[in-house]
$ cat input-v3.cif   # mmCIF, C-alpha atoms
data_work
loop_
_atom_site.label_atom_id
_atom_site.label_comp_id
_atom_site.auth_asym_id
_atom_site.auth_seq_id
_atom_site.Cartn_x
_atom_site.Cartn_y
_atom_site.Cartn_z
CA MET A 1 -82.75 -148.40 -41.40
CA GLN A 2 -81.50 -149.03 -37.87
CA VAL A 3 -79.60 -145.73 -37.91
CA LEU A 4 -82.94 -143.88 -37.94
CA LYS A 5 -83.00 -144.44 -34.18
CA VAL A 6 -79.85 -142.30 -33.71
CA PRO A 7 -80.78 -138.74 -32.60
CA ILE A 8 -78.74 -136.94 -35.28
CA VAL A 9 -80.85 -138.61 -37.98
CA LYS A 10 -84.00 -137.20 -36.39
CA ARG A 11 -82.56 -133.74 -36.91
CA ILE A 12 -81.83 -134.58 -40.57
CA LEU A 13 -85.45 -135.66 -41.03
CA SER A 14 -86.68 -132.46 -39.48
CA ALA A 15 -84.37 -130.40 -41.74
CA ASN A 16 -85.90 -132.32 -44.64
CA ASP A 17 -89.40 -131.28 -43.55
CA GLN A 18 -88.32 -127.64 -43.39
CA VAL A 19 -87.05 -127.74 -46.98
CA ALA A 20 -90.21 -129.61 -48.01
CA ASN A 21 -92.27 -126.71 -46.66
CA THR A 22 -90.13 -124.26 -48.64
CA ASN A 23 -90.63 -126.38 -51.77
CA LEU A 24 -94.40 -126.33 -51.25
CA ASN A 25 -94.36 -122.53 -50.91
CA ILE A 26 -92.34 -122.22 -54.13
CA LEU A 27 -94.86 -124.44 -55.96
CA ASN A 28 -97.86 -122.52 -54.59
CA SER A 29 -96.42 -119.11 -55.40
CA ASN A 30 -95.90 -120.29 -59.00
CA GLY A 31 -99.36 -121.87 -59.27
CA ILE A 32 -97.86 -125.30 -59.85
CA PHE A 33 -99.46 -128.56 -58.72
CA ALA A 34 -96.99 -131.34 -57.92
CA LEU A 35 -97.10 -135.13 -57.50
CA ASN A 36 -94.64 -137.48 -55.81
CA ILE A 37 -94.91 -140.85 -57.56
CA MET A 38 -93.67 -143.79 -55.49
CA ALA A 39 -93.63 -147.52 -56.23
CA SER A 40 -91.72 -150.73 -56.13
CA PRO A 41 -89.19 -151.14 -58.99
CA GLY A 42 -91.01 -152.14 -62.14
CA ALA A 43 -94.56 -151.22 -61.06
CA GLY A 44 -94.73 -148.92 -64.08
CA LYS A 45 -93.95 -145.41 -62.78
CA THR A 46 -92.41 -144.12 -66.02
CA SER A 47 -95.14 -145.63 -68.25
CA PHE A 48 -97.76 -144.16 -65.93
CA ILE A 49 -96.18 -140.69 -66.13
CA LEU A 50 -96.08 -140.92 -69.94
CA GLN A 51 -99.76 -141.97 -70.01
CA THR A 52 -100.60 -139.07 -67.65
CA ILE A 53 -98.72 -136.49 -69.70
CA GLN A 54 -100.32 -137.46 -73.02
CA PRO A 55 -103.87 -136.14 -72.46
CA LEU A 56 -102.90 -133.32 -70.09
CA SER A 57 -100.08 -131.68 -72.06
CA ALA A 58 -102.49 -129.95 -74.48
CA GLN A 59 -103.97 -127.92 -71.61
CA HIS A 60 -101.16 -127.76 -69.05
CA LYS A 61 -97.42 -127.19 -69.10
CA ILE A 62 -95.75 -130.18 -67.48
CA GLY A 63 -92.26 -130.84 -66.10
CA VAL A 64 -90.82 -134.08 -64.73
CA ILE A 65 -88.17 -134.77 -62.08
CA GLU A 66 -86.70 -138.27 -62.41
CA GLY A 67 -85.03 -139.94 -59.43
CA ASP A 68 -82.63 -142.83 -59.98
CA THR A 69 -80.01 -144.55 -57.87
CA ALA A 70 -77.63 -144.79 -60.84
CA PRO A 71 -76.39 -142.25 -63.42
CA VAL A 72 -78.73 -143.49 -66.16
CA THR A 73 -81.02 -141.34 -68.27
CA ILE A 74 -83.37 -144.10 -69.44
CA ASP A 75 -86.44 -142.43 -67.90
CA SER A 76 -85.62 -138.78 -68.58
CA ASP A 77 -84.81 -139.69 -72.22
CA LYS A 78 -88.39 -140.98 -72.51
CA MET A 79 -89.69 -137.60 -71.28
CA THR A 80 -87.45 -135.65 -73.64
CA ALA A 81 -88.71 -137.83 -76.51
CA VAL A 82 -92.26 -136.57 -75.91
CA GLY A 83 -91.12 -132.94 -75.53
CA ILE A 84 -91.43 -132.67 -71.75
CA PRO A 85 -88.72 -130.81 -69.82
CA SER A 86 -87.14 -133.14 -67.28
CA VAL A 87 -84.42 -133.10 -64.65
CA GLN A 88 -82.57 -136.28 -63.72
CA ILE A 89 -81.51 -136.72 -60.10
CA ASN A 90 -78.86 -139.38 -59.52
CA THR A 91 -79.00 -140.23 -55.82
CA GLY A 92 -75.62 -142.00 -56.00
CA GLY A 93 -77.02 -145.24 -54.63
CA ASP A 94 -79.32 -143.62 -52.06
CA CYS A 95 -82.68 -145.31 -51.70
CA HIS A 96 -85.05 -142.32 -51.86
CA LEU A 97 -85.40 -138.71 -52.94
CA ASP A 98 -85.43 -136.00 -50.30
CA ALA A 99 -86.64 -132.39 -50.21
CA MET A 100 -83.13 -130.98 -50.74
CA MET A 101 -82.75 -132.88 -54.01
CA ILE A 102 -86.11 -131.50 -55.20
CA ASP A 103 -85.06 -127.99 -54.23
CA GLU A 104 -81.94 -128.42 -56.42
CA ALA A 105 -84.03 -129.79 -59.29
CA PHE A 106 -86.37 -126.77 -59.11
CA LYS A 107 -83.37 -124.60 -60.01
CA GLN A 108 -83.01 -126.51 -63.29
CA LEU A 109 -86.61 -125.89 -64.34
CA ASP A 110 -88.31 -122.65 -65.44
CA LEU A 111 -91.01 -122.69 -62.76
CA THR A 112 -92.77 -119.64 -64.19
CA LYS A 113 -93.65 -121.76 -67.23
CA LEU A 114 -95.07 -124.86 -65.53
CA ASP A 115 -98.52 -125.91 -64.24
CA LEU A 116 -97.74 -129.46 -63.15
CA ILE A 117 -94.56 -131.14 -61.88
CA ILE A 118 -94.43 -134.90 -61.64
CA VAL A 119 -91.66 -136.34 -59.46
CA GLU A 120 -90.71 -139.96 -60.09
CA ASN A 121 -89.18 -141.21 -56.86
CA VAL A 122 -86.62 -144.03 -56.61
CA GLY A 123 -88.20 -147.49 -56.98
CA ASN A 124 -88.61 -148.55 -53.37
CA LEU A 125 -91.67 -149.44 -51.25
CA ILE A 126 -90.08 -148.53 -47.92
CA CYS A 127 -87.65 -145.62 -47.63
CA PRO A 128 -89.33 -142.88 -49.76
CA ALA A 129 -92.36 -142.95 -47.42
CA ALA A 130 -90.25 -141.32 -44.69
CA PHE A 131 -89.18 -138.26 -46.69
CA LYS A 132 -91.63 -135.47 -47.59
CA LEU A 133 -90.71 -133.66 -50.79
CA GLY A 134 -93.10 -130.71 -50.53
CA THR A 135 -95.42 -131.93 -53.30
CA HIS A 136 -99.22 -131.69 -52.98
CA MET A 137 -99.98 -135.35 -53.42
CA ASN A 138 -98.21 -138.65 -52.70
CA VAL A 139 -99.18 -141.22 -55.32
CA LEU A 140 -98.42 -144.92 -54.89
CA ILE A 141 -98.43 -147.24 -57.89
CA ALA A 142 -99.06 -150.86 -57.05
CA SER A 143 -99.09 -153.44 -59.82
CA VAL A 144 -101.07 -156.64 -60.24
CA PRO A 145 -98.08 -159.02 -60.74
CA GLU A 146 -96.55 -157.79 -57.43
CA GLY A 147 -99.30 -159.70 -55.63
CA ASP A 148 -102.30 -158.89 -53.46
CA ASP A 149 -100.50 -159.01 -50.10
CA LYS A 150 -98.44 -155.85 -50.49
CA PRO A 151 -100.61 -153.52 -48.32
CA TYR A 152 -100.21 -155.98 -45.45
CA LYS A 153 -96.43 -156.23 -45.91
CA TYR A 154 -95.54 -152.58 -46.62
CA PRO A 155 -98.07 -150.73 -44.43
CA ALA A 156 -96.05 -147.52 -43.92
CA MET A 157 -96.13 -146.76 -47.64
CA TYR A 158 -99.86 -147.44 -47.98
CA ARG A 159 -100.65 -145.33 -44.90
CA GLY A 160 -98.74 -142.29 -46.11
CA VAL A 161 -100.19 -141.77 -49.60
CA ASP A 162 -103.13 -139.76 -50.95
CA VAL A 163 -103.73 -141.69 -54.18
CA LEU A 164 -103.32 -145.35 -55.08
CA ILE A 165 -102.97 -146.52 -58.67
CA LEU A 166 -103.38 -150.25 -59.26
CA ASN A 167 -101.53 -150.72 -62.55
CA LYS A 168 -101.23 -153.67 -64.98
CA ILE A 169 -104.87 -154.74 -64.58
CA ASP A 170 -104.50 -156.27 -68.07
CA LEU A 171 -102.50 -159.05 -66.35
CA LEU A 172 -105.36 -160.03 -64.00
CA PRO A 173 -106.25 -163.11 -66.13
CA TYR A 174 -102.66 -164.41 -66.00
CA VAL A 175 -101.58 -164.02 -62.36
CA PRO A 176 -103.12 -164.96 -59.01
CA PHE A 177 -104.44 -161.68 -57.56
CA ASN A 178 -107.41 -161.43 -55.20
CA GLN A 179 -108.61 -157.86 -55.71
CA ASP A 180 -110.96 -157.96 -52.69
CA TYR A 181 -108.13 -159.08 -50.39
CA PHE A 182 -105.87 -156.34 -51.77
CA LEU A 183 -108.48 -153.58 -51.38
CA GLN A 184 -109.45 -154.82 -47.92
CA GLY A 185 -105.81 -154.39 -46.84
CA VAL A 186 -105.72 -150.92 -48.36
CA LYS A 187 -108.97 -149.89 -46.62
CA MET A 188 -107.68 -151.09 -43.25
CA LEU A 189 -104.59 -148.86 -43.52
CA ASN A 190 -105.99 -145.86 -45.35
CA PRO A 191 -109.81 -145.81 -45.46
CA ILE A 192 -110.14 -142.62 -47.52
CA LEU A 193 -107.45 -143.48 -50.07
CA LYS A 194 -108.52 -142.42 -53.57
CA THR A 195 -107.93 -145.46 -55.81
CA PHE A 196 -107.73 -145.83 -59.59
CA LEU A 197 -107.47 -149.13 -61.50
CA VAL A 198 -105.49 -148.75 -64.72
CA SER A 199 -103.45 -150.48 -67.39
CA CYS A 200 -100.67 -148.36 -68.84
CA LYS A 201 -100.33 -150.98 -71.59
CA THR A 202 -103.93 -150.84 -72.86
CA GLY A 203 -104.79 -147.36 -71.55
CA GLU A 204 -107.77 -148.71 -69.57
CA GLY A 205 -108.81 -146.43 -66.70
CA ILE A 206 -106.25 -143.72 -67.51
CA SER A 207 -108.76 -141.02 -68.54
CA ILE A 208 -110.64 -141.30 -65.23
CA TRP A 209 -107.36 -140.55 -63.47
CA THR A 210 -106.23 -137.75 -65.80
CA ASP A 211 -109.65 -136.05 -65.70
CA TRP A 212 -109.50 -136.05 -61.91
CA LEU A 213 -105.88 -134.84 -61.83
CA GLY A 214 -106.64 -132.18 -64.44
CA GLU A 215 -109.20 -130.62 -62.07
CA HIS A 216 -106.55 -130.29 -59.36
CA VAL A 217 -104.04 -128.72 -61.76
CA LYS A 218 -106.70 -126.25 -62.98
CA ALA A 219 -107.65 -125.26 -59.41
CA GLN A 220 -104.02 -124.54 -58.54
CA LYS A 221 -103.27 -122.42 -61.63
CA LYS A 222 -102.70 -118.68 -61.14
CA MET B 1 -79.40 -143.20 -47.71
CA GLN B 2 -77.60 -139.91 -47.23
CA VAL B 3 -76.75 -140.80 -43.65
CA LEU B 4 -74.38 -143.48 -44.96
CA LYS B 5 -71.87 -140.69 -45.48
CA VAL B 6 -71.72 -139.95 -41.72
CA PRO B 7 -68.65 -141.62 -40.10
CA ILE B 8 -70.61 -143.34 -37.33
CA VAL B 9 -72.56 -145.28 -39.93
CA LYS B 10 -69.32 -146.63 -41.40
CA ARG B 11 -68.56 -148.10 -37.99
CA ILE B 12 -72.03 -149.67 -37.87
CA LEU B 13 -71.41 -151.26 -41.30
CA SER B 14 -68.08 -152.59 -40.14
CA ALA B 15 -69.69 -154.03 -37.00
CA ASN B 16 -72.24 -155.66 -39.31
CA ASP B 17 -69.45 -157.32 -41.30
CA GLN B 18 -67.90 -158.66 -38.11
CA VAL B 19 -71.17 -160.28 -37.06
CA ALA B 20 -71.62 -161.58 -40.62
CA ASN B 21 -68.26 -163.36 -40.31
CA THR B 22 -69.36 -164.89 -37.03
CA ASN B 23 -72.59 -166.05 -38.66
CA LEU B 24 -70.63 -167.68 -41.48
CA ASN B 25 -68.43 -169.51 -38.97
CA ILE B 26 -71.52 -170.75 -37.11
CA LEU B 27 -72.99 -172.04 -40.38
CA ASN B 28 -69.76 -173.74 -41.43
CA SER B 29 -69.19 -175.40 -38.06
CA ASN B 30 -72.71 -176.86 -38.29
CA GLY B 31 -72.30 -177.97 -41.92
CA ILE B 32 -75.14 -175.68 -43.02
CA PHE B 33 -75.32 -173.98 -46.42
CA ALA B 34 -77.19 -170.64 -46.43
CA LEU B 35 -78.76 -168.36 -49.03
CA ASN B 36 -79.73 -164.69 -48.79
CA ILE B 37 -82.67 -164.13 -51.16
CA MET B 38 -83.14 -160.52 -52.23
CA ALA B 39 -85.65 -158.94 -54.63
CA SER B 40 -88.02 -156.13 -55.31
CA PRO B 41 -91.41 -156.48 -53.56
CA GLY B 42 -93.55 -158.95 -55.45
CA ALA B 43 -90.81 -160.58 -57.55
CA GLY B 44 -91.81 -163.92 -56.04
CA LYS B 45 -89.35 -164.57 -53.19
CA THR B 46 -91.74 -166.61 -51.06
CA SER B 47 -93.07 -168.66 -54.00
CA PHE B 48 -89.49 -169.30 -55.10
CA ILE B 49 -88.51 -170.50 -51.62
CA LEU B 50 -91.54 -172.83 -51.53
CA GLN B 51 -90.61 -174.21 -54.98
CA THR B 52 -86.99 -174.68 -53.82
CA ILE B 53 -87.97 -176.46 -50.62
CA GLN B 54 -90.31 -178.95 -52.30
CA PRO B 55 -87.75 -181.14 -54.16
CA LEU B 56 -84.91 -180.63 -51.65
CA SER B 57 -86.70 -181.36 -48.38
CA ALA B 58 -86.64 -185.13 -48.94
CA GLN B 59 -82.84 -185.16 -48.84
CA HIS B 60 -81.99 -182.10 -46.74
CA LYS B 61 -83.26 -180.52 -43.53
CA ILE B 62 -84.26 -176.94 -44.32
CA GLY B 63 -85.00 -173.87 -42.19
CA VAL B 64 -86.23 -170.45 -43.31
CA ILE B 65 -85.68 -166.96 -41.88
CA GLU B 66 -88.34 -164.49 -43.05
CA GLY B 67 -87.65 -160.75 -43.03
CA ASP B 68 -90.55 -158.30 -43.10
CA THR B 69 -90.92 -154.61 -42.35
CA ALA B 70 -94.24 -155.20 -40.60
CA PRO B 71 -95.37 -157.65 -37.89
CA VAL B 72 -97.13 -159.98 -40.31
CA THR B 73 -96.67 -163.75 -40.54
CA ILE B 74 -98.00 -164.20 -44.10
CA ASP B 75 -94.72 -165.69 -45.37
CA SER B 76 -93.70 -167.71 -42.32
CA ASP B 77 -97.23 -169.19 -42.15
CA LYS B 78 -96.65 -170.54 -45.67
CA MET B 79 -93.43 -172.24 -44.49
CA THR B 80 -95.12 -173.70 -41.41
CA ALA B 81 -97.89 -175.04 -43.67
CA VAL B 82 -95.33 -177.18 -45.52
CA GLY B 83 -93.65 -178.33 -42.30
CA ILE B 84 -90.54 -176.16 -42.53
CA PRO B 85 -89.22 -174.50 -39.34
CA SER B 86 -89.16 -170.74 -39.81
CA VAL B 87 -88.28 -167.62 -37.85
CA GLN B 88 -89.99 -164.32 -38.60
CA ILE B 89 -87.92 -161.14 -38.24
CA ASN B 90 -89.95 -157.93 -38.01
CA THR B 91 -87.55 -155.10 -38.85
CA GLY B 92 -89.98 -152.51 -37.45
CA GLY B 93 -90.06 -150.57 -40.71
CA ASP B 94 -86.36 -150.94 -41.50
CA CYS B 95 -85.59 -151.53 -45.15
CA HIS B 96 -83.19 -154.48 -44.96
CA LEU B 97 -81.98 -157.35 -42.80
CA ASP B 98 -78.59 -157.13 -41.13
CA ALA B 99 -76.16 -159.65 -39.67
CA MET B 100 -77.26 -158.95 -36.08
CA MET B 101 -80.86 -159.88 -36.92
CA ILE B 102 -79.67 -163.16 -38.48
CA ASP B 103 -77.56 -163.90 -35.41
CA GLU B 104 -80.70 -163.48 -33.27
CA ALA B 105 -82.71 -165.69 -35.64
CA PHE B 106 -80.06 -168.46 -35.41
CA LYS B 107 -80.83 -168.69 -31.67
CA GLN B 108 -84.44 -169.60 -32.51
CA LEU B 109 -83.43 -172.52 -34.78
CA ASP B 110 -81.89 -175.88 -33.87
CA LEU B 111 -78.80 -175.49 -36.05
CA THR B 112 -77.57 -179.00 -35.30
CA LYS B 113 -80.58 -180.31 -37.21
CA LEU B 114 -80.33 -178.21 -40.41
CA ASP B 115 -78.48 -178.59 -43.74
CA LEU B 116 -79.82 -175.51 -45.53
CA ILE B 117 -81.03 -172.12 -44.29
CA ILE B 118 -82.86 -169.82 -46.70
CA VAL B 119 -83.08 -166.18 -45.64
CA GLU B 120 -85.83 -164.13 -47.30
CA ASN B 121 -84.68 -160.51 -47.10
CA VAL B 122 -87.00 -157.49 -47.04
CA GLY B 123 -88.42 -156.65 -50.49
CA ASN B 124 -86.09 -153.90 -51.67
CA LEU B 125 -83.70 -153.61 -54.64
CA ILE B 126 -81.36 -151.10 -52.99
CA CYS B 127 -80.66 -151.24 -49.25
CA PRO B 128 -80.15 -155.00 -48.63
CA ALA B 129 -77.18 -155.00 -51.05
CA ALA B 130 -75.15 -153.00 -48.51
CA PHE B 131 -75.51 -155.45 -45.61
CA LYS B 132 -73.76 -158.83 -45.57
CA LEU B 133 -75.59 -161.45 -43.54
CA GLY B 134 -72.90 -164.13 -43.41
CA THR B 135 -74.66 -166.47 -45.84
CA HIS B 136 -72.74 -168.36 -48.55
CA MET B 137 -74.65 -167.03 -51.51
CA ASN B 138 -76.54 -163.85 -52.39
CA VAL B 139 -79.44 -164.66 -54.70
CA LEU B 140 -81.34 -161.95 -56.58
CA ILE B 141 -84.79 -162.66 -57.98
CA ALA B 142 -85.77 -160.45 -60.90
CA SER B 143 -89.19 -160.89 -62.48
CA VAL B 144 -90.34 -160.44 -66.06
CA PRO B 145 -93.16 -157.91 -65.35
CA GLU B 146 -90.67 -155.62 -63.54
CA GLY B 147 -89.19 -154.82 -66.94
CA ASP B 148 -85.91 -155.39 -68.76
CA ASP B 149 -84.16 -152.17 -67.62
CA LYS B 150 -83.68 -153.11 -63.96
CA PRO B 151 -79.95 -154.07 -64.17
CA TYR B 152 -79.24 -150.62 -65.63
CA LYS B 153 -81.26 -148.84 -62.91
CA TYR B 154 -80.26 -150.85 -59.83
CA PRO B 155 -76.61 -151.72 -60.61
CA ALA B 156 -75.40 -152.09 -57.00
CA MET B 157 -77.77 -154.99 -56.39
CA TYR B 158 -76.86 -156.78 -59.63
CA ARG B 159 -73.13 -156.32 -58.96
CA GLY B 160 -73.25 -157.80 -55.47
CA VAL B 161 -75.01 -161.11 -56.08
CA ASP B 162 -73.79 -164.62 -56.90
CA VAL B 163 -76.95 -166.00 -58.47
CA LEU B 164 -79.70 -164.38 -60.53
CA ILE B 165 -83.14 -165.92 -60.88
CA LEU B 166 -85.35 -164.47 -63.62
CA ASN B 167 -88.82 -165.44 -62.41
CA LYS B 168 -92.30 -165.28 -64.01
CA ILE B 169 -91.06 -166.31 -67.46
CA ASP B 170 -94.63 -167.57 -68.04
CA LEU B 171 -95.61 -163.88 -68.44
CA LEU B 172 -93.17 -163.28 -71.34
CA PRO B 173 -95.99 -163.46 -73.95
CA TYR B 174 -98.03 -160.81 -72.12
CA VAL B 175 -95.55 -158.06 -71.22
CA PRO B 176 -92.88 -156.13 -73.14
CA PHE B 177 -89.55 -157.66 -72.03
CA ASN B 178 -86.44 -157.79 -74.20
CA GLN B 179 -84.48 -160.70 -72.73
CA ASP B 180 -81.30 -159.87 -74.70
CA TYR B 181 -81.31 -156.27 -73.40
CA PHE B 182 -81.87 -157.51 -69.84
CA LEU B 183 -79.08 -160.12 -70.00
CA GLN B 184 -76.71 -157.68 -71.69
CA GLY B 185 -77.17 -155.30 -68.72
CA VAL B 186 -76.55 -158.16 -66.31
CA LYS B 187 -73.38 -159.27 -68.13
CA MET B 188 -71.99 -155.73 -68.11
CA LEU B 189 -72.31 -155.51 -64.31
CA ASN B 190 -71.56 -159.07 -63.32
CA PRO B 191 -70.05 -161.16 -66.15
CA ILE B 192 -69.82 -164.42 -64.20
CA LEU B 193 -73.28 -164.24 -62.62
CA LYS B 194 -74.92 -167.67 -62.59
CA THR B 195 -78.41 -167.18 -64.03
CA PHE B 196 -81.54 -169.36 -63.97
CA LEU B 197 -84.78 -168.68 -65.85
CA VAL B 198 -87.81 -169.97 -63.99
CA SER B 199 -91.54 -169.74 -63.48
CA CYS B 200 -92.67 -170.41 -59.93
CA LYS B 201 -96.23 -170.62 -61.26
CA THR B 202 -95.65 -173.40 -63.83
CA GLY B 203 -92.51 -174.88 -62.24
CA GLU B 204 -90.50 -174.38 -65.45
CA GLY B 205 -86.74 -174.26 -64.86
CA ILE B 206 -86.99 -174.96 -61.13
CA SER B 207 -85.35 -178.42 -61.19
CA ILE B 208 -82.22 -177.06 -62.93
CA TRP B 209 -81.84 -174.61 -60.05
CA THR B 210 -82.63 -177.08 -57.26
CA ASP B 211 -80.26 -179.74 -58.71
CA TRP B 212 -77.48 -177.14 -58.76
CA LEU B 213 -78.27 -175.88 -55.24
CA GLY B 214 -78.56 -179.45 -53.95
CA GLU B 215 -74.92 -180.08 -54.95
CA HIS B 216 -73.78 -177.10 -52.85
CA VAL B 217 -75.81 -178.25 -49.86
CA LYS B 218 -74.36 -181.78 -50.17
CA ALA B 219 -70.79 -180.46 -50.40
CA GLN B 220 -71.25 -178.40 -47.23
CA LYS B 221 -72.76 -181.21 -45.13
CA LYS B 222 -70.70 -182.64 -42.29
#

$ encode --input "input-v3.cif" --output "structure tokens"
Amino acid sequence: MQVLKVPIVKRILSANDQVANTNLNILNSNGIFALNIMASPGAGKTSFILQTIQPLSAQHKIGVIEGDTAPVTIDSDKMTAVGIPSVQINTGGDCHLDAMMIDEAFKQLDLTKLDLIIVENVGNLICPAAFKLGTHMNVLIASVPEGDDKPYKYPAMYRGVDVLILNKIDLLPYVPFNQDYFLQGVKMLNPILKTFLVSCKTGEGISIWTDWLGEHVKAQKK
Amino acid sequence: MQVLKVPIVKRILSANDQVANTNLNILNSNGIFALNIMASPGAGKTSFILQTIQPLSAQHKIGVIEGDTAPVTIDSDKMTAVGIPSVQINTGGDCHLDAMMIDEAFKQLDLTKLDLIIVENVGNLICPAAFKLGTHMNVLIASVPEGDDKPYKYPAMYRGVDVLILNKIDLLPYVPFNQDYFLQGVKMLNPILKTFLVSCKTGEGISIWTDWLGEHVKAQKK
């Protein structure tokens, strides 16, 4: 937003980073690994979280923090339905989560009883990239029907993440999507980006991701 | 964004509205009809604009203003390829277009020679809703693979638009999408919202939209 050029906003961003550091310390002292899941609206964040929880919940205790711009509980209801503790953050129209919101959400969870926290950010490919939450890993979900030009058009998001999930690969036969062009754009912006190709609908590729994530959760456990 | 609660930002918004009014007067005095196209990234804004231009360009002189967060010309190149004058706005990472950017773009177009201006906003379902551009009509493109819960989760955007396009209806057989649930959410937020169901891939439903739009362009012509 234009207002980001106003000095006072720089101080807000820096205050955010301070709280993000505190959040990270809280997670580490409790032996919790945490993900910040970001994506465009409708890329499949909630389905991806449900698919991630399913194989991991036998071995690890998982909590979810759901960010939404409106006071709806559509996503957190889905977590409750599978027995996962979740906290719903209503940003009141704001376009991203910030570290202060996560700090508040931590107070609603029993952190001594969790191994993994998954944060579902607000659906937005621009603003969330500017706000650290204090999680260990920023995960971006792209989806096939969004089109192959997204890395080129939303570079800040692709530059700032640690993991890329390309979701909805089951739709590859039905939509124009040049995978080489997409991955070339990704490589240009973020050459070491760990990438997984999945379909949350069919389950394809999910176990490769959850096996990999499981190792990180195990390593962080006290 | 949180900073919207700071008084100085209210003054910026009000300044935006003033420039939006000026833009509207400029359009009206030149007999130009203008659309502000908003959507989530990958909903099909550029394809929709190309499909809209095709049948209308024989009767009307059309110009396009392309908003992007990065200095890429992917979209404006597509307009140039079909002989349509276009202006590319690089927001420098900002998450929406504002009226001042449109005012600048107007200076790059020969307004005396246009009947219709289509503005393609930055791909974002939240922030653009807060910034009037001075166009006659706000058009939201939703797309089937985004999912049927989007009106419930992004209500501000659905409330603030005049026209809704549901794109990618060719994917209805391949993705879970309850059209009744989607339209019920839309009706709750915006009961008089004019809605068109289209596929930019197959062309289905496009002529109903372009016939309707063509009448508005004709009525506005000097």

$ atom_distance --input "input-v3.cif" --atom1 "CA of Leu125 (chain A)" --atom2 "CA of Glu146 (chain B)"
13.8 Å

$ residues_around --input "input-v3.cif" --residues "Ile208 (chain B)" --least-positions-apart "2" --cutoff "12 Å" --atoms "only C-alpha atoms" --output "list in words"
Gln51, Thr52, Pro55, Ile165, Lys194, Thr195, Phe196, Leu197, Val198, Ser199, Gly203, Glu204, Gly205, Ile206, Thr210, Asp211, Trp212, Leu213, Gly214 and Glu215 of chain B

$ resolve_selection --input "input-v3.cif" --expression "the PyMOL selection byres ((chain A and resi 137) around 8)" --output "list in words"
Ala34, Leu35, Asn36, Thr135, His136, Asn138, Val139, Val161, Asp162 and Val163 of chain A

$ write_last_selection --input "input-v3.cif" --atoms "C-alpha atoms" --output "mmCIF file, in the frame of the given file"
data_model
loop_
_atom_site.group_PDB
_atom_site.id
_atom_site.type_symbol
_atom_site.label_atom_id
_atom_site.label_comp_id
_atom_site.auth_asym_id
_atom_site.auth_seq_id
_atom_site.Cartn_x
_atom_site.Cartn_y
_atom_site.Cartn_z
ATOM 1 C CA ALA A 34 -96.990 -131.340 -57.920
ATOM 2 C CA LEU A 35 -97.100 -135.130 -57.500
ATOM 3 C CA ASN A 36 -94.640 -137.480 -55.810
ATOM 4 C CA THR A 135 -95.420 -131.930 -53.300
ATOM 5 C CA HIS A 136 -99.220 -131.690 -52.980
ATOM 6 C CA ASN A 138 -98.210 -138.650 -52.700
ATOM 7 C CA VAL A 139 -99.180 -141.220 -55.320
ATOM 8 C CA VAL A 161 -100.190 -141.770 -49.600
ATOM 9 C CA ASP A 162 -103.130 -139.760 -50.950
ATOM 10 C CA VAL A 163 -103.730 -141.690 -54.180
#

$ residues_around --input "input-v3.cif" --residues "region 13-23 of chain B" --least-positions-apart "5" --cutoff "8 Å" --atoms "all atoms listed in the file" --output "compact mmCIF listing (two decimals) with C-alpha atoms, in the coordinates of the input"
# COMPACT_ATOMS: atom_id res chain seq x y z
CA ASP B 98 -78.59 -157.13 -41.13
CA ALA B 99 -76.16 -159.65 -39.67
CA MET B 100 -77.26 -158.95 -36.08
CA ILE B 102 -79.67 -163.16 -38.48
CA ASP B 103 -77.56 -163.90 -35.41
CA PHE B 131 -75.51 -155.45 -45.61
CA LYS B 132 -73.76 -158.83 -45.57
CA LEU B 133 -75.59 -161.45 -43.54
CA GLY B 134 -72.90 -164.13 -43.41
CA THR B 135 -74.66 -166.47 -45.84

$ residues_around --input "input-v3.cif" --residues "region 184-191 of chain B" --least-positions-apart "4" --cutoff "6 Å" --atoms "all atoms listed in the file" --output "PyMOL selection string"
chain B and resi 151-152+159+180
